[in-house]
Each structure stands twice: as structure tokens, then as C-alpha cells.
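**Student:** The structure follows.
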Amino acid sequence: MVVMTHIDGDHSRGLLEVLDRYDVATVVVGDNPMDDQSSQEWQARLDRKHIDPVEVSAGQVLEVEPGVTLEVLNPAAVPFVGSGADRNNNTGMLLLVYSSVSFLLASDIDAFT
Amino acid sequence: MVVSIAATLATWSLVAMNLDRLPLSSIPATLLALPAMPFILVGVLVTCGLGLVHPALGQIAGWLTFVPLSSLLGLVSSLPATRTLGHWIGTPVMVAWYGLLAALLFVPGRVARAQGTAVRLISAVNHTFGEPVRHENQQRWLWGFVFLALALLGISLALWFQVFQGTDGKLPGYFLDVGQSDSILIVTPRGKQVLVDCGPNLTSATGFGRPHVPHGGAA
């Protein structure tokens, strides 16, 4: 499984090569707007590999295997507009939960006041 | 020498298909390997067996096995390089080659001769140990072989069971240094791999030599 939190090149470009090189079963992307060159490149790669990405938003829970889940905390159902760094703030933020332990994978999200 | 050539003939197409190389050095390599092989085979077996009992025991046996194994690998890798073929060998060639080998096995009279060889081999072993060739003696040797084969089968089944079923319950996360931004590889207890983001460059995570970057498999 590959997770692309948001389309900013510094997060997503390396994944292009990963899609080429590995046998990726599932691609999860934050349900956030994509409209630039990186997005087109990314979409073209998905098309070529016949991968239909799973778009997620806050509240969804992905089960990686029994006992290991990824809870989606962001992007919110209504994306941020005018937050100063909308792309970063609409990133995919995940909580990896295993047994009684959890790990916050916050990506590029900003602090909120 | 016969064994070396036979081993080379039996494996060249597999090697050529997967690595695109003709193993020219394999005949001298197998000759060199022959003295080290018994130690390696027994060592690996003991390592596996003890490792199933307790990881620490397996670790100690593993260190002992490492000596003949690493010296063999060093020796073989110092042999002259192999020839590159150019990817013309695919699955059809391989299937054809093994088909041919299998057909040779079933040439009439071949099976009977093989049985004759086995009996002669057992007699020869008996001779070496200075015992007269007697029927019941052969029987005992045969049972010995059968027992050994079953024991090996048992150990290997236990190992494969461990590989497919076993889990240490750990959930390692590798935070890969990809320069800018992040790249996190999570491996679940049952071996599922989740990669979150992958840095800014096409070679961020797939560059060779980086630790913890798997070179294949499903993600």
C-alpha cells in the first residue's frame, strides 16, 4: 500500500518511481484538489499502471491487516481555503493504530490557532 | 566434475533468465564449492533447527556457519566475470530446456539404470566400511536414508510454516531520509508494507545502498 498525502512535489515525486518499480496493490490519496503539472504526471502514472486510487477524508478508517489500522484525520470534508498554505493543510494526516499504541503521521499540516 | 557440469546444465537457463548472464565460471565454482558445501549445508540446517528452538542458539550456529559460507562467496566472487546475453532468454526457452531434461530422464532403460546405480552406491559405501555386502545391511542403509530424508523434510516444513504463519508481533516503521519532506515505511506484523510519501526525487527511496529499502515484492 502506498499513501500519497498531498501532491506537492517534495512528497509525491519519489512515489512515481515507487509505482514503477514495485507491485503496488493499493494507492491511497488525500481527497484534495489536484490541478497542476505534478498532478497530471501522477495521474498519468496511475493510468499507466491501471491503478484506481482510494480517495480518503477525515473519519475514514483503513484496515491494513487485522489489528493494524490507519485512521484518516485529514483532509476535512470541507477543504481549507485561504489558510495561507491550503495545499499543506489539506494534506492527508493519518493515525496508525496497532494494539494500544498509535503513531501520528502528520505530513505537512500546519499548527492551528 | 560430472556433478559440476550436471549442476550447470540443470540451472543455466534459470540463471540466464533472471540475471541475463551465462554462468561461465560456474563449473570451476562448483568444484571449489564442493569441499565447503557439507559444512555449509549441515551448518545451515543446524542453524535453522536451533533457531526454531531458541533465536540465541540459532544466532551462535549462524556465526559458525558464516565462516565457510563467506569464504566460499569471497572465492566465487573473485572468479572472472560472466557473459551478458541480452535478455533473449525468456520463459519459453526455459520451459523447453527443462522439458528436454525431463524427456531425457524417461528414456527407456534410464530408470532401471538409476536404480542399479543406487544399489551399487550403497554396496560401495558398505565396502568402504569394511562390511560384507549383505542384503539386510543394504536394507539398513536404505532405512537410514529414508529416515534422514524424512527428518530433513520435517525441518523444512517447520521452517516454511514459520515463514508464512509466524509473526513476532512487531510493527517496525522506517523513517527514510529522502532529503526534503518525509517518507515512512511501515511493515505490519504479517509483512504488509505501507509507504507514506516518498520525497522529492525519482530516486529518493529506490536508490541502491540505502538501508531499509526493499528491492522487490508487494507494497
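Each chain in the C-alpha cells gets a letter, A, B and so on, in the order shown; residues start at 1 in every chain, and ligands are counted from 1 in the order they appear.
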Can you check which residues of chain A have any atom within 12 Å of chain B? Use only C-alpha atoms and format it as a count of residues only.
**Tutor:** 59
